[in-house]
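Student: What follows is the file structure-v5.csv, containing CSV, C-alpha atoms:
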```
chain,number,residue,atom,x,y,z
A,21,MET,CA,67.2,-203.3,-176.5
A,22,ARG,CA,68.8,-206.7,-175.8
A,23,LYS,CA,66.8,-207.0,-172.6
A,24,LEU,CA,63.7,-206.4,-174.5
A,25,ILE,CA,64.5,-209.1,-177.0
A,26,ILE,CA,65.3,-211.5,-174.3
A,27,ALA,CA,62.0,-210.7,-172.6
A,28,LEU,CA,60.2,-211.2,-175.8
A,29,THR,CA,61.7,-214.5,-176.6
A,30,ALA,CA,61.0,-215.6,-173.0
A,31,LEU,CA,57.4,-214.7,-173.6
A,32,SER,CA,57.1,-216.5,-176.8
A,33,VAL,CA,58.6,-219.6,-175.2
A,34,LEU,CA,56.0,-219.4,-172.5
A,35,GLY,CA,53.3,-218.8,-175.0
A,36,GLY,CA,54.5,-221.6,-177.1
A,37,ALA,CA,54.3,-224.2,-174.4
A,38,SER,CA,50.8,-225.7,-174.5
A,39,ALA,CA,50.5,-226.6,-170.9
A,40,PRO,CA,50.7,-224.1,-168.1
A,41,ALA,CA,54.0,-224.3,-166.2
A,42,VAL,CA,53.2,-226.7,-163.4
A,43,ALA,CA,56.2,-227.6,-161.2
A,44,LYS,CA,56.9,-231.2,-161.6
A,45,THR,CA,56.8,-233.2,-158.3
A,46,ASP,CA,60.4,-233.6,-157.2
A,47,PRO,CA,60.6,-235.5,-153.9
A,48,GLN,CA,64.4,-235.3,-153.6
A,49,SER,CA,64.4,-231.5,-153.8
A,50,ASP,CA,61.5,-231.3,-151.4
A,51,LEU,CA,63.5,-233.3,-149.0
A,52,ASN,CA,66.6,-231.1,-149.3
A,53,GLU,CA,64.5,-228.0,-148.8
A,54,PHE,CA,62.7,-229.5,-145.8
A,55,ARG,CA,66.0,-230.5,-144.1
A,56,GLN,CA,67.6,-227.1,-144.8
A,57,TYR,CA,64.7,-225.3,-143.3
A,58,PHE,CA,65.1,-227.1,-140.0
A,59,TYR,CA,68.9,-226.9,-140.0
A,60,LYS,CA,68.5,-223.2,-140.2
A,61,LYS,CA,65.7,-223.0,-137.6
A,62,PHE,CA,67.5,-225.2,-135.1
A,63,PRO,CA,71.2,-224.5,-135.6
A,64,GLY,CA,73.4,-227.1,-134.0
A,65,VAL,CA,70.8,-229.9,-134.0
A,66,LYS,CA,72.1,-232.7,-136.2
A,67,LEU,CA,70.1,-234.8,-138.6
A,68,GLN,CA,70.1,-237.9,-136.4
A,69,GLU,CA,69.0,-235.8,-133.3
A,70,PHE,CA,65.8,-234.7,-135.0
A,71,GLY,CA,64.5,-238.3,-134.5
A,72,ASP,CA,64.1,-237.4,-130.8
A,73,GLY,CA,61.3,-234.8,-131.5
A,74,ILE,CA,60.9,-232.1,-128.8
A,75,TYR,CA,63.7,-233.7,-126.8
A,76,ALA,CA,66.1,-232.7,-129.6
A,77,ILE,CA,65.4,-229.0,-129.0
A,78,ASP,CA,64.8,-228.7,-125.3
A,79,LYS,CA,67.5,-229.6,-122.8
A,80,VAL,CA,65.4,-229.8,-119.6
A,81,ARG,CA,62.8,-232.0,-121.2
A,82,ARG,CA,65.5,-234.1,-122.8
A,83,ASP,CA,67.1,-235.0,-119.4
A,84,GLU,CA,63.8,-236.0,-118.0
A,85,TRP,CA,63.1,-238.2,-121.1
A,86,GLN,CA,66.5,-239.9,-120.9
A,87,LEU,CA,65.7,-241.0,-117.4
A,88,MET,CA,62.5,-242.5,-118.6
A,89,GLU,CA,64.3,-244.4,-121.4
A,90,GLU,CA,66.6,-246.0,-118.9
A,91,PHE,CA,63.8,-248.2,-117.6
A,92,PRO,CA,61.5,-248.2,-120.5
A,93,SER,CA,57.9,-248.7,-119.7
A,94,TYR,CA,57.2,-250.2,-123.2
A,95,GLU,CA,59.3,-253.3,-122.6
A,96,ASP,CA,56.5,-255.6,-121.5
A,97,GLY,CA,54.4,-254.3,-124.3
A,98,VAL,CA,57.1,-255.1,-126.9
A,99,ASN,CA,57.3,-258.6,-125.4
A,100,ARG,CA,53.6,-259.0,-125.8
A,101,GLY,CA,54.0,-257.9,-129.4
A,102,ARG,CA,56.8,-260.4,-130.0
A,103,LYS,CA,54.7,-263.3,-128.5
A,104,LEU,CA,51.8,-262.5,-130.8
A,105,PHE,CA,54.2,-262.1,-133.8
A,106,GLU,CA,55.5,-265.6,-133.1
A,107,LYS,CA,52.1,-267.1,-132.2
A,108,TYR,CA,50.8,-266.2,-135.6
A,109,ASP,CA,54.0,-266.7,-137.6
A,110,ILE,CA,53.8,-263.1,-138.9
A,111,GLY,CA,57.4,-263.4,-140.1
A,112,SER,CA,56.3,-265.7,-142.9
A,113,CYS,CA,54.4,-262.9,-144.6
A,114,PHE,CA,57.4,-260.6,-144.8
A,115,LYS,CA,60.9,-260.4,-146.2
A,116,ASN,CA,63.7,-261.3,-143.8
A,117,GLY,CA,61.2,-263.0,-141.5
A,118,GLY,CA,59.7,-259.6,-140.7
A,119,LYS,CA,62.7,-258.4,-138.8
A,120,GLY,CA,64.7,-255.3,-139.5
A,121,ILE,CA,62.5,-254.2,-142.4
A,122,LYS,CA,60.6,-251.2,-141.1
A,123,GLN,CA,63.0,-248.7,-142.7
A,124,HIS,CA,61.7,-249.6,-146.1
A,125,TYR,CA,58.1,-248.7,-145.3
A,126,PRO,CA,55.9,-247.2,-146.7
A,127,TYR,CA,56.9,-248.5,-150.1
A,128,PHE,CA,55.4,-248.4,-153.5
A,129,ASP,CA,54.2,-251.7,-154.8
A,130,LYS,CA,54.6,-251.7,-158.6
A,131,GLN,CA,52.3,-254.6,-159.2
A,132,SER,CA,49.2,-253.2,-157.5
A,133,GLY,CA,50.3,-249.6,-158.1
A,134,SER,CA,49.6,-248.7,-154.5
A,135,VAL,CA,51.6,-247.6,-151.5
A,136,ARG,CA,51.9,-250.1,-148.6
A,137,THR,CA,52.5,-249.3,-145.0
A,138,LEU,CA,53.9,-251.7,-142.4
A,139,GLU,CA,50.6,-251.7,-140.6
A,140,GLY,CA,48.7,-252.3,-143.8
A,141,ASP,CA,50.8,-255.3,-144.6
A,142,LEU,CA,50.5,-256.6,-141.0
A,143,MET,CA,46.7,-256.4,-141.1
A,144,ALA,CA,46.7,-258.2,-144.5
A,145,CYS,CA,48.9,-260.9,-143.1
A,146,LEU,CA,46.7,-261.4,-140.0
A,147,LYS,CA,43.7,-261.7,-142.4
A,148,ARG,CA,45.4,-264.1,-144.7
A,149,LYS,CA,46.2,-266.3,-141.7
A,150,ASN,CA,42.6,-266.2,-140.6
A,151,VAL,CA,43.6,-264.9,-137.2
A,152,ASP,CA,40.6,-264.2,-135.0
A,153,LEU,CA,41.0,-260.5,-134.9
A,154,LYS,CA,38.2,-260.0,-132.5
A,155,ALA,CA,39.4,-262.5,-129.9
A,156,GLU,CA,42.9,-260.9,-129.9
A,157,LYS,CA,41.4,-257.4,-130.1
A,158,LEU,CA,43.5,-256.6,-133.2
A,159,ARG,CA,42.6,-253.4,-134.8
A,160,PHE,CA,44.5,-250.6,-136.5
A,161,PHE,CA,46.0,-247.8,-134.4
A,162,LYS,CA,46.5,-249.2,-130.9
A,163,GLY,CA,46.6,-252.0,-128.4
A,164,ASN,CA,47.8,-255.5,-129.3
A,165,PHE,CA,48.0,-254.6,-133.0
A,166,ALA,CA,50.2,-251.6,-132.3
A,167,ALA,CA,52.3,-253.9,-130.0
A,168,ILE,CA,53.1,-256.2,-132.9
A,169,ALA,CA,54.1,-253.3,-135.0
A,170,ALA,CA,56.1,-251.9,-132.1
A,171,TYR,CA,58.0,-255.2,-131.9
A,172,MET,CA,58.7,-255.1,-135.6
A,173,ALA,CA,59.9,-251.5,-135.2
A,174,TYR,CA,62.1,-252.6,-132.3
A,175,THR,CA,63.9,-255.1,-134.6
A,176,SER,CA,64.6,-252.3,-137.0
A,177,ARG,CA,66.2,-250.0,-134.5
A,178,GLY,CA,69.3,-248.3,-135.8
A,179,GLU,CA,68.4,-248.8,-139.5
A,180,LYS,CA,68.2,-245.6,-141.5
A,181,GLN,CA,64.8,-244.6,-142.9
A,182,ASN,CA,64.9,-245.4,-146.6
A,183,VAL,CA,61.6,-244.6,-148.3
A,184,VAL,CA,61.7,-244.8,-152.1
A,185,VAL,CA,59.5,-242.7,-154.3
A,186,PRO,CA,60.2,-244.1,-157.8
A,187,ASP,CA,59.7,-242.1,-160.9
A,188,ASP,CA,56.3,-243.7,-161.5
A,189,GLU,CA,53.3,-241.5,-161.9
A,190,ARG,CA,51.2,-243.6,-159.5
A,191,ALA,CA,53.8,-243.3,-156.8
A,192,LEU,CA,54.3,-239.6,-157.4
A,193,ASP,CA,50.6,-239.1,-157.2
A,194,VAL,CA,50.3,-240.6,-153.8
A,195,TYR,CA,53.3,-238.6,-152.6
A,196,GLU,CA,51.8,-235.4,-153.9
A,197,LYS,CA,48.5,-236.1,-152.2
A,198,GLY,CA,50.3,-236.6,-148.9
A,199,LYS,CA,52.3,-233.4,-149.4
A,200,GLN,CA,49.2,-231.4,-150.0
A,201,PHE,CA,47.5,-232.8,-147.0
A,202,PHE,CA,50.5,-231.8,-144.9
A,203,TYR,CA,50.5,-228.2,-146.1
A,204,ALA,CA,46.7,-227.6,-146.4
A,205,LYS,CA,44.8,-225.9,-143.7
A,206,ARG,CA,41.9,-227.8,-142.3
A,207,GLY,CA,39.3,-228.0,-139.5
A,208,GLN,CA,37.3,-225.4,-137.7
A,209,LEU,CA,40.5,-224.0,-136.3
A,210,ASN,CA,42.0,-223.7,-139.8
A,211,MET,CA,45.5,-225.1,-139.3
A,212,SER,CA,47.8,-227.3,-141.3
A,213,CYS,CA,50.3,-229.9,-140.1
A,214,ALA,CA,52.9,-227.4,-141.3
A,215,ASP,CA,51.5,-224.6,-139.3
A,216,CYS,CA,52.4,-226.4,-136.1
A,217,HIS,CA,55.3,-228.6,-137.2
A,218,VAL,CA,57.1,-226.4,-139.7
A,219,TYR,CA,56.4,-222.7,-139.3
A,220,ASN,CA,55.8,-222.7,-135.6
A,221,SER,CA,57.9,-225.7,-134.6
A,222,GLY,CA,60.0,-224.8,-131.5
A,223,MET,CA,57.2,-222.5,-130.3
A,224,MET,CA,54.8,-223.1,-127.5
A,225,ALA,CA,51.1,-223.8,-127.9
A,226,ARG,CA,50.2,-223.2,-124.4
A,227,GLY,CA,52.3,-225.7,-122.4
A,228,ASN,CA,53.1,-227.8,-125.5
A,229,LEU,CA,56.4,-227.4,-127.3
A,230,LEU,CA,55.8,-228.1,-131.0
A,231,SER,CA,58.2,-230.6,-132.5
A,232,PRO,CA,59.9,-230.1,-135.9
A,233,GLY,CA,58.3,-232.1,-138.8
A,234,LEU,CA,61.7,-233.5,-139.6
A,235,GLY,CA,62.2,-236.8,-137.8
A,236,GLN,CA,58.6,-237.1,-136.6
A,237,THR,CA,58.1,-240.6,-138.0
A,238,SER,CA,61.3,-242.3,-136.9
A,239,HIS,CA,60.2,-243.7,-133.6
A,240,PHE,CA,56.7,-245.0,-134.3
A,241,PRO,CA,54.7,-246.8,-133.0
A,242,VAL,CA,55.3,-244.6,-129.9
A,243,TRP,CA,54.6,-245.4,-126.3
A,244,ARG,CA,52.7,-242.4,-124.8
A,245,ARG,CA,52.2,-241.9,-121.2
A,246,LYS,CA,49.0,-240.1,-122.0
A,247,TRP,CA,47.6,-243.2,-123.8
A,248,ALA,CA,48.9,-245.6,-121.3
A,249,GLY,CA,47.0,-244.0,-118.4
A,250,GLY,CA,47.4,-246.2,-115.4
A,251,ASP,CA,48.4,-249.2,-117.5
A,252,GLU,CA,52.1,-248.6,-117.2
A,253,THR,CA,53.4,-251.9,-118.4
A,254,GLY,CA,51.1,-253.3,-121.0
A,255,VAL,CA,50.1,-252.4,-124.5
A,256,LYS,CA,47.8,-249.5,-123.9
A,257,GLY,CA,50.5,-246.9,-124.4
A,258,PHE,CA,51.2,-247.9,-128.0
A,259,GLY,CA,49.9,-245.9,-130.9
A,260,THR,CA,50.8,-246.1,-134.6
A,261,ILE,CA,51.7,-243.0,-136.6
A,262,GLN,CA,48.2,-242.9,-138.0
A,263,ARG,CA,46.8,-242.8,-134.5
A,264,ARG,CA,48.8,-239.7,-134.0
A,265,TYR,CA,47.5,-238.2,-137.2
A,266,SER,CA,44.0,-238.7,-136.0
A,267,GLY,CA,44.8,-237.0,-132.7
A,268,CYS,CA,46.4,-234.0,-134.4
A,269,ASN,CA,43.4,-233.7,-136.8
A,270,LYS,CA,41.0,-233.7,-133.9
A,271,GLN,CA,43.0,-231.0,-132.1
A,272,VAL,CA,42.1,-228.6,-134.8
A,273,ARG,CA,38.5,-229.9,-134.9
A,274,ALA,CA,39.0,-231.6,-138.3
A,275,LEU,CA,37.5,-234.9,-139.1
A,276,PRO,CA,40.1,-237.7,-138.4
A,277,MET,CA,40.6,-240.1,-141.3
A,278,ASN,CA,40.2,-243.2,-139.2
A,279,ALA,CA,40.4,-246.6,-140.7
A,280,TYR,CA,37.2,-247.7,-142.3
A,281,ASN,CA,35.5,-250.1,-139.9
A,282,SER,CA,32.4,-251.3,-141.5
A,283,GLY,CA,32.0,-254.7,-139.9
A,284,LYS,CA,34.8,-253.6,-137.5
A,285,TYR,CA,37.2,-256.6,-137.4
A,286,LYS,CA,36.5,-257.9,-140.8
A,287,THR,CA,36.9,-255.3,-143.4
A,288,GLU,CA,38.9,-252.6,-141.8
A,289,THR,CA,41.4,-250.8,-144.1
A,290,GLN,CA,43.5,-247.8,-143.6
A,291,HIS,CA,42.3,-244.5,-145.0
A,292,PRO,CA,44.1,-243.7,-148.3
A,293,THR,CA,44.6,-240.1,-147.3
A,294,TYR,CA,46.6,-241.1,-144.2
A,295,VAL,CA,48.5,-243.7,-146.2
A,296,ALA,CA,49.5,-240.8,-148.6
A,297,LEU,CA,50.4,-238.6,-145.7
A,298,GLU,CA,52.5,-241.3,-144.1
A,299,TYR,CA,54.3,-241.8,-147.4
A,300,PHE,CA,55.2,-238.1,-147.8
A,301,HIS,CA,55.9,-237.5,-144.1
A,302,THR,CA,58.1,-240.6,-143.7
A,303,TYR,CA,60.0,-239.8,-146.9
A,304,MET,CA,60.9,-236.4,-145.4
A,305,SER,CA,62.7,-238.2,-142.6
A,306,ASN,CA,64.8,-240.4,-144.8
A,307,GLY,CA,68.3,-240.9,-143.5
A,308,ILE,CA,67.3,-240.7,-139.9
A,309,ARG,CA,67.8,-243.9,-137.8
A,310,LEU,CA,64.8,-245.7,-136.5
A,311,ASN,CA,64.3,-245.7,-132.8
A,312,GLY,CA,60.9,-247.1,-132.1
A,313,PRO,CA,59.0,-247.5,-129.9
A,314,ALA,CA,60.2,-244.3,-128.2
A,315,ILE,CA,58.6,-242.8,-125.1
A,316,ARG,CA,56.6,-239.6,-125.5
A,317,GLN,CA,54.4,-237.7,-123.2
B,1,MET,CA,-13.4,-208.7,-120.6
B,2,ARG,CA,-10.7,-209.9,-118.3
B,3,LYS,CA,-9.1,-211.6,-121.2
B,4,ALA,CA,-9.2,-208.4,-123.3
B,5,ALA,CA,-7.5,-206.5,-120.5
B,6,LYS,CA,-4.8,-209.1,-120.3
B,7,LEU,CA,-4.3,-208.8,-124.0
B,8,ILE,CA,-4.0,-205.1,-123.9
B,9,ALA,CA,-1.5,-205.4,-121.0
B,10,ALA,CA,0.5,-207.9,-122.9
B,11,ALA,CA,0.5,-205.8,-126.0
B,12,SER,CA,1.7,-202.7,-124.1
B,13,THR,CA,4.5,-204.8,-122.5
B,14,VAL,CA,5.7,-205.8,-125.9
B,15,ALA,CA,5.5,-202.2,-127.1
B,16,MET,CA,7.5,-201.1,-124.0
B,17,LEU,CA,10.1,-203.8,-124.6
B,18,LEU,CA,10.4,-202.9,-128.3
B,19,GLY,CA,10.6,-199.2,-127.3
B,20,SER,CA,13.3,-199.7,-124.8
B,21,MET,CA,15.3,-202.0,-127.2
B,22,ALA,CA,15.2,-199.4,-129.9
B,23,MET,CA,17.0,-197.0,-127.5
B,24,VAL,CA,20.1,-199.2,-127.1
B,25,PRO,CA,22.6,-199.2,-129.9
B,26,SER,CA,22.7,-202.1,-132.4
B,27,THR,CA,23.8,-204.9,-130.2
B,28,ALA,CA,21.2,-206.2,-127.8
B,29,VAL,CA,23.8,-206.7,-125.0
B,30,ALA,CA,26.5,-204.2,-124.3
B,31,ALA,CA,30.0,-205.7,-124.9
B,32,ASP,CA,31.6,-206.4,-121.5
B,33,ALA,CA,35.3,-206.9,-120.9
B,34,ASP,CA,34.8,-209.2,-117.9
B,35,THR,CA,32.6,-211.5,-119.9
B,36,GLY,CA,35.2,-211.2,-122.7
B,37,LYS,CA,38.0,-212.3,-120.5
B,38,LYS,CA,36.1,-215.4,-119.4
B,39,LEU,CA,35.4,-216.3,-122.9
B,40,ALA,CA,39.0,-215.7,-124.0
B,41,GLU,CA,40.3,-218.0,-121.3
B,42,ASN,CA,37.8,-220.7,-121.9
B,43,ARG,CA,39.6,-223.5,-123.8
B,44,LYS,CA,36.6,-224.4,-125.8
B,45,LYS,CA,36.0,-220.8,-126.8
B,46,GLY,CA,38.8,-218.3,-127.3
B,47,ASN,CA,41.7,-220.2,-125.8
B,48,CYS,CA,43.7,-217.1,-126.7
B,49,PHE,CA,46.5,-217.8,-124.2
B,50,ALA,CA,47.3,-221.0,-126.2
B,51,CYS,CA,49.2,-218.6,-128.5
B,52,HIS,CA,49.3,-215.1,-126.8
B,53,SER,CA,50.8,-214.0,-123.5
B,54,TYR,CA,49.2,-211.0,-121.7
B,55,GLU,CA,49.4,-209.7,-118.2
B,56,GLY,CA,48.2,-212.4,-115.9
B,57,ALA,CA,48.0,-215.2,-118.5
B,58,HIS,CA,48.6,-218.6,-117.0
B,59,LEU,CA,51.3,-220.7,-118.9
B,60,PRO,CA,50.7,-218.8,-122.2
B,61,GLY,CA,52.1,-220.0,-125.6
B,62,ASN,CA,54.1,-217.7,-127.8
B,63,ILE,CA,52.9,-218.4,-131.3
B,64,GLY,CA,51.3,-215.0,-131.6
B,65,PRO,CA,52.6,-211.6,-130.4
B,66,PRO,CA,52.0,-210.6,-126.8
B,67,LEU,CA,48.8,-208.7,-126.3
B,68,VAL,CA,49.9,-205.4,-124.8
B,69,ALA,CA,49.2,-201.7,-125.3
B,70,MET,CA,46.4,-202.6,-127.6
B,71,LYS,CA,44.7,-199.2,-127.6
B,72,SER,CA,47.8,-197.3,-128.7
B,73,ARG,CA,48.9,-199.9,-131.2
B,74,PHE,CA,45.5,-200.3,-132.6
B,75,PRO,CA,43.6,-197.0,-132.5
B,76,ASP,CA,41.0,-198.5,-134.6
B,77,LYS,CA,39.0,-201.0,-132.5
B,78,ASP,CA,37.3,-202.5,-135.5
B,79,ARG,CA,40.7,-203.6,-136.7
B,80,VAL,CA,41.1,-205.6,-133.5
B,81,ARG,CA,37.7,-207.1,-133.9
B,82,GLU,CA,38.3,-208.1,-137.5
B,83,GLN,CA,41.6,-209.7,-136.4
B,84,ILE,CA,39.6,-212.0,-134.1
B,85,ALA,CA,36.7,-212.6,-136.5
B,86,ASN,CA,38.9,-213.2,-139.6
B,87,PRO,CA,42.6,-213.0,-139.3
B,88,THR,CA,43.1,-214.4,-142.8
B,89,LYS,CA,42.0,-211.1,-144.1
B,90,PHE,CA,45.3,-209.6,-143.0
B,91,ASN,CA,47.5,-212.6,-143.3
B,92,PRO,CA,46.1,-215.4,-145.6
B,93,ASN,CA,48.4,-217.9,-144.0
B,94,SER,CA,47.7,-216.8,-140.4
B,95,MET,CA,47.9,-219.5,-137.8
B,96,MET,CA,45.2,-217.7,-135.8
B,97,PRO,CA,41.8,-219.4,-136.0
B,98,PRO,CA,39.1,-217.4,-137.8
B,99,PHE,CA,36.8,-217.2,-134.8
B,100,GLY,CA,33.9,-215.5,-136.6
B,101,LYS,CA,34.3,-216.8,-140.1
B,102,HIS,CA,34.4,-220.4,-138.9
B,103,ASN,CA,31.7,-219.9,-136.3
B,104,ILE,CA,34.0,-220.8,-133.4
B,105,LEU,CA,32.6,-217.8,-131.5
B,106,THR,CA,29.3,-215.9,-132.0
B,107,GLU,CA,29.3,-212.3,-133.1
B,108,GLU,CA,28.3,-211.3,-129.5
B,109,GLU,CA,31.1,-213.3,-128.0
B,110,ILE,CA,33.6,-211.6,-130.3
B,111,ASP,CA,32.3,-208.2,-129.2
B,112,HIS,CA,32.9,-209.2,-125.6
B,113,ILE,CA,36.4,-210.5,-126.3
B,114,THR,CA,37.3,-207.4,-128.4
B,115,GLU,CA,36.2,-205.3,-125.4
B,116,TRP,CA,38.5,-207.2,-123.2
B,117,VAL,CA,41.5,-207.2,-125.6
B,118,TYR,CA,41.1,-203.4,-125.7
B,119,THR,CA,41.8,-203.2,-122.0
B,120,LEU,CA,45.2,-204.9,-122.4
```
Transcribe the structure of this file into structure tokens.
Tutor:
Amino acid sequence: MRKLIIALTALSVLGGASAPAVAKTDPQSDLNEFRQYFYKKFPGVKLQEFGDGIYAIDKVRRDEWQLMEEFPSYEDGVNRGRKLFEKYDIGSCFKNGGKGIKQHYPYFDKQSGSVRTLEGDLMACLKRKNVDLKAEKLRFFKGNFAAIAAYMAYTSRGEKQNVVVPDDERALDVYEKGKQFFYAKRGQLNMSCADCHVYNSGMMARGNLLSPGLGQTSHFPVWRRKWAGGDETGVKGFGTIQRRYSGCNKQVRALPMNAYNSGKYKTETQHPTYVALEYFHTYMSNGIRLNGPAIRQ
Amino acid sequence: MRKAAKLIAAASTVAMLLGSMAMVPSTAVAADADTGKKLAENRKKGNCFACHSYEGAHLPGNIGPPLVAMKSRFPDKDRVREQIANPTKFNPNSMMPPFGKHNILTEEEIDHITEWVYTL
């Protein structure tokens, strides 16, 4: 009898509420859940170690990788990035002279109500200073542009990722969009980011070990051997996180959300969907120390 | 006159072709396991070993279960075919691509691959 009454009151409470029970976006509890999932899946791997991607979960690959990091092939590229950074006085557009700030990106800008990425702010800075983007071949994703971003990441090494999602509907909205993109299946092959980097992380897709989603953003821009090709010392190996998104989208035969490039060098802006994804994805790696640009295959 | 004869000949060829086709069961081409294996191992087609190991697979992945003893584990061949054509029917969250539903493979190609899987 008591049970019935409780059930009835519960029902009336539900009935009384006008809106359907939609779970409120709660980034902090998402983050806790995300971490716990990977702690359970990879026992013994510590939070900081997740920043090393597949090398955190595979000993043989890790040893190989550590050898590569001893004489890092990205050094010349980082220097090239620093030179461009200084040449165009990029520091003047940023807090703290542009150094040691990457851990705060992406951040929600209250005034404009939008989320800003480091690369987005960098592009805005270059435009403000009327840099000849074409002459320096400065475009989102790769090359010289990614080299400047890589230099900025380099000055932030060791800082803990610290993305803030404030209790502001506009920020929560972007976060929620990014989260949905991460978990939604897409492309002809019908796979979500989470299919590969949550549920099947640690498994092999043919010869490729799938990295855990936790810690995936900590070391970007990366320097990939695949992208560098023969160019072992310059800037070709660099790619921003959104370049990687684009690659992972293409793998499942989904349309990549590349930067709009109408008029190529003039009006290029980042795709809002990838900005949202980066916001969510990076927030999930809060607390992990930055280590960019790291080497990846 | 010569033209008419040709026409008649052509018409009878068509009739013969139609007649012979009517004798084979529904599919125009018989499903063939060897063709299926080639399609399965083509990275742009099935690429099945990206996720499944099976005897003789080269550097297979392990996202899906090994393909072994298919006949005894799946007495119903149509069930295997449906798994390839639309795995979301059995597991809405399946990682396996819906090869038929998303037109990754043609119906005929799925028939060939099913035939091959059934030999494993």
Student: Within 7 Å of chain A, which residues of chain B are there when counting all atoms listed in the file? Please give them as a ChimeraX atom specification.
Tutor: /B:49-51,59-63,95,97-98,102
Student: Within 6 Å of (36.8, -217.1, -140.1), in the coordinates the file gives, what residues turn up when you count all atoms listed in the file, written out as a list in words?
Tutor: Ala85, Asn86, Pro98, Phe99, Gly100, Lys101 and His102 of chain B
Student: So what do you get for CA of Ala166 in chain A versus CA of Gly257 in chain A, distance-wise?
Tutor: 9.2 Å
Student: Please measure the separation of CA of Thr237 in chain A and CA of Met277 in chain A, giving the value in Å to one decimal.
Tutor: 17.8 Å
Student: I need the residue nearest Glu41 in chain B from this list: B:Glu108, B:Gln83, B:Tyr118, B:Ile113. Use only C-alpha atoms for the distance.
Tutor: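 Closest candidate: B:Ile113.
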Student: Place N, CA, C and O atoms on range 85-96 of chain B and deliver the coordinates as an mmCIF file, in the frame of the given file.
Tutor:
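Result written to rebuild_33.cif:
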```cif
data_model
loop_
_atom_site.group_PDB
_atom_site.id
_atom_site.type_symbol
_atom_site.label_atom_id
_atom_site.label_comp_id
_atom_site.auth_asym_id
_atom_site.auth_seq_id
_atom_site.Cartn_x
_atom_site.Cartn_y
_atom_site.Cartn_z
ATOM 1 N N ALA B 85 37.788 -211.937 -135.707
ATOM 2 C CA ALA B 85 36.700 -212.600 -136.500
ATOM 3 C C ALA B 85 37.312 -213.273 -137.741
ATOM 4 O O ALA B 85 36.891 -214.364 -138.098
ATOM 5 N N ASN B 86 38.294 -212.651 -138.381
ATOM 6 C CA ASN B 86 38.900 -213.200 -139.600
ATOM 7 C C ASN B 86 40.288 -212.799 -139.876
ATOM 8 O O ASN B 86 40.533 -211.962 -140.741
ATOM 9 N N PRO B 87 41.244 -213.388 -139.143
ATOM 10 C CA PRO B 87 42.600 -213.000 -139.300
ATOM 11 C C PRO B 87 43.194 -213.222 -140.713
ATOM 12 O O PRO B 87 44.159 -212.576 -141.113
ATOM 13 N N THR B 88 42.571 -214.135 -141.451
ATOM 14 C CA THR B 88 43.100 -214.400 -142.800
ATOM 15 C C THR B 88 42.942 -213.218 -143.718
ATOM 16 O O THR B 88 43.557 -213.156 -144.771
ATOM 17 N N LYS B 89 42.131 -212.277 -143.306
ATOM 18 C CA LYS B 89 42.000 -211.100 -144.100
ATOM 19 C C LYS B 89 43.271 -210.275 -144.163
ATOM 20 O O LYS B 89 43.566 -209.627 -145.160
ATOM 21 N N PHE B 90 44.038 -210.322 -143.090
ATOM 22 C CA PHE B 90 45.300 -209.600 -143.000
ATOM 23 C C PHE B 90 46.493 -210.430 -143.359
ATOM 24 O O PHE B 90 47.510 -209.948 -143.823
ATOM 25 N N ASN B 91 46.371 -211.701 -143.043
ATOM 26 C CA ASN B 91 47.500 -212.600 -143.300
ATOM 27 C C ASN B 91 46.827 -213.965 -143.749
ATOM 28 O O ASN B 91 46.389 -214.745 -142.918
ATOM 29 N N PRO B 92 46.774 -214.190 -145.073
ATOM 30 C CA PRO B 92 46.100 -215.400 -145.600
ATOM 31 C C PRO B 92 46.592 -216.669 -144.966
ATOM 32 O O PRO B 92 45.882 -217.663 -144.882
ATOM 33 N N ASN B 93 47.829 -216.665 -144.532
ATOM 34 C CA ASN B 93 48.400 -217.900 -144.000
ATOM 35 C C ASN B 93 48.433 -217.867 -142.459
ATOM 36 O O ASN B 93 49.139 -218.642 -141.837
ATOM 37 N N SER B 94 47.646 -216.966 -141.869
ATOM 38 C CA SER B 94 47.700 -216.800 -140.400
ATOM 39 C C SER B 94 47.389 -218.136 -139.711
ATOM 40 O O SER B 94 46.551 -218.920 -140.127
ATOM 41 N N MET B 95 48.096 -218.332 -138.623
ATOM 42 C CA MET B 95 47.900 -219.500 -137.800
ATOM 43 C C MET B 95 46.698 -219.299 -136.866
ATOM 44 O O MET B 95 46.139 -220.228 -136.311
ATOM 45 N N MET B 96 46.323 -218.030 -136.711
ATOM 46 C CA MET B 96 45.200 -217.700 -135.800
ATOM 47 C C MET B 96 43.877 -218.172 -136.344
ATOM 48 O O MET B 96 43.566 -217.903 -137.488
#
```
